[in-house]
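What follows is a set of notes on a single structure, which appears directly below.
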Amino acid sequence: MRYTYANGWQYEMYVKNATTIDYHAHSGRVGGRRVKDQEVDLVRLADDVYKVSWNEPTGTCVVVNLLPGSGVVHGTIFFPRWIQQDGSRIAVF
């Protein structure tokens, strides 16, 4: 699924299985970052409503709600201070 946050940042997520995703940050604070085989917690909240969450080695915490049938994605990212100060350093982390 490709999605855009309210601030214009674009991301793309591929759910590989119940515990693993790949994602690509197309733009935003960490634009250019590609992550493969990110371990996640994936739960089904209701019919066609899923929550994917993970903590990265960088200290970043992410929660994304997916409604695949309607194409709705809602997410929140919590960046540590060092990424807030200079997000370009993470693109190759």
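Residues are referred to by chain and number: the chain letter is A, B, ... according to the order shown in the structure tokens, the number counts from 1 in that chain, and ligands are numbered separately from 1 in the order shown.
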
Picked from stretch 2-90 of chain A by DSSP as strand (DSSP E), as a ChimeraX atom specification: /A:2-4,10-17,20-25,34-39,41-46,49-55,61-67,72-78

Write the residues of the preceding selection, restricted to C-alpha atoms, as a PDB file, in the first residue's frame.
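Listing of part.pdb after writing:
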```
ATOM      1  CA  ARG A   2       1.258   3.459  -0.870  1.00  0.00           C
ATOM      2  CA  TYR A   3       0.066   6.267   1.395  1.00  0.00           C
ATOM      3  CA  THR A   4       0.617   9.930   2.173  1.00  0.00           C
ATOM      4  CA  GLN A  10       4.847   9.523   1.147  1.00  0.00           C
ATOM      5  CA  TYR A  11       5.497   5.933   2.168  1.00  0.00           C
ATOM      6  CA  GLU A  12       4.955   2.510   0.653  1.00  0.00           C
ATOM      7  CA  MET A  13       4.444  -0.669   2.697  1.00  0.00           C
ATOM      8  CA  TYR A  14       4.434  -4.308   1.633  1.00  0.00           C
ATOM      9  CA  VAL A  15       3.012  -6.740   4.184  1.00  0.00           C
ATOM     10  CA  LYS A  16       4.966  -9.940   3.587  1.00  0.00           C
ATOM     11  CA  ASN A  17       3.376 -12.053   6.319  1.00  0.00           C
ATOM     12  CA  THR A  20       7.263  -8.970   8.559  1.00  0.00           C
ATOM     13  CA  ILE A  21       6.994  -5.955   6.232  1.00  0.00           C
ATOM     14  CA  ASP A  22       9.147  -4.059   3.741  1.00  0.00           C
ATOM     15  CA  TYR A  23       8.724  -0.305   3.398  1.00  0.00           C
ATOM     16  CA  HIS A  24      10.080   2.638   1.440  1.00  0.00           C
ATOM     17  CA  ALA A  25       9.974   6.265   2.564  1.00  0.00           C
ATOM     18  CA  ARG A  34      14.238   1.470   2.351  1.00  0.00           C
ATOM     19  CA  VAL A  35      13.752  -1.198   4.980  1.00  0.00           C
ATOM     20  CA  LYS A  36      13.421  -4.913   4.286  1.00  0.00           C
ATOM     21  CA  ASP A  37      12.243  -7.614   6.677  1.00  0.00           C
ATOM     22  CA  GLN A  38      11.133  -5.237   9.447  1.00  0.00           C
ATOM     23  CA  GLU A  39       9.619  -7.290  12.270  1.00  0.00           C
ATOM     24  CA  ASP A  41       3.185  -6.697  15.448  1.00  0.00           C
ATOM     25  CA  LEU A  42       0.175  -7.130  13.160  1.00  0.00           C
ATOM     26  CA  VAL A  43      -3.322  -7.505  14.581  1.00  0.00           C
ATOM     27  CA  ARG A  44      -6.759  -7.657  13.021  1.00  0.00           C
ATOM     28  CA  LEU A  45      -9.011  -5.239  14.904  1.00  0.00           C
ATOM     29  CA  ALA A  46     -12.195  -5.883  12.890  1.00  0.00           C
ATOM     30  CA  VAL A  49      -9.197  -3.171   9.880  1.00  0.00           C
ATOM     31  CA  TYR A  50      -5.593  -3.969  10.819  1.00  0.00           C
ATOM     32  CA  LYS A  51      -2.972  -2.365  13.045  1.00  0.00           C
ATOM     33  CA  VAL A  52       0.732  -2.712  12.266  1.00  0.00           C
ATOM     34  CA  SER A  53       3.267  -1.450  14.807  1.00  0.00           C
ATOM     35  CA  TRP A  54       7.008  -1.685  15.258  1.00  0.00           C
ATOM     36  CA  ASN A  55      10.047  -0.226  16.979  1.00  0.00           C
ATOM     37  CA  CYS A  61       8.256   3.911  16.870  1.00  0.00           C
ATOM     38  CA  VAL A  62       5.568   3.485  14.205  1.00  0.00           C
ATOM     39  CA  VAL A  63       1.868   2.579  14.323  1.00  0.00           C
ATOM     40  CA  VAL A  64      -0.170   2.258  11.114  1.00  0.00           C
ATOM     41  CA  ASN A  65      -3.857   1.370  10.808  1.00  0.00           C
ATOM     42  CA  LEU A  66      -4.783  -0.247   7.483  1.00  0.00           C
ATOM     43  CA  LEU A  67      -8.216  -0.607   5.901  1.00  0.00           C
ATOM     44  CA  VAL A  72      -7.537   4.046   4.012  1.00  0.00           C
ATOM     45  CA  VAL A  73      -4.262   4.248   5.926  1.00  0.00           C
ATOM     46  CA  HIS A  74      -3.709   6.208   9.143  1.00  0.00           C
ATOM     47  CA  GLY A  75      -0.345   6.258  10.844  1.00  0.00           C
ATOM     48  CA  THR A  76       1.748   7.894  13.499  1.00  0.00           C
ATOM     49  CA  ILE A  77       5.537   8.032  13.686  1.00  0.00           C
ATOM     50  CA  PHE A  78       7.496   8.956  16.808  1.00  0.00           C
TER      51      PHE A  78
END
```

Helix (DSSP H, G or I) residues, from DSSP on the backbone, in chain A, as number ranges by chain: A: 81-85, 87-90

A:Trp82, A:Gly71, A:Asn7, A:Asp47 ranked by distance to A:Gly59, top pick (using only C-alpha atoms): A:Trp82

Top pick for closest residue to A:Gly32, considering A:Trp9, A:Glu56, A:Thr19, A:Asp48 and counting only C-alpha atoms: A:Trp9
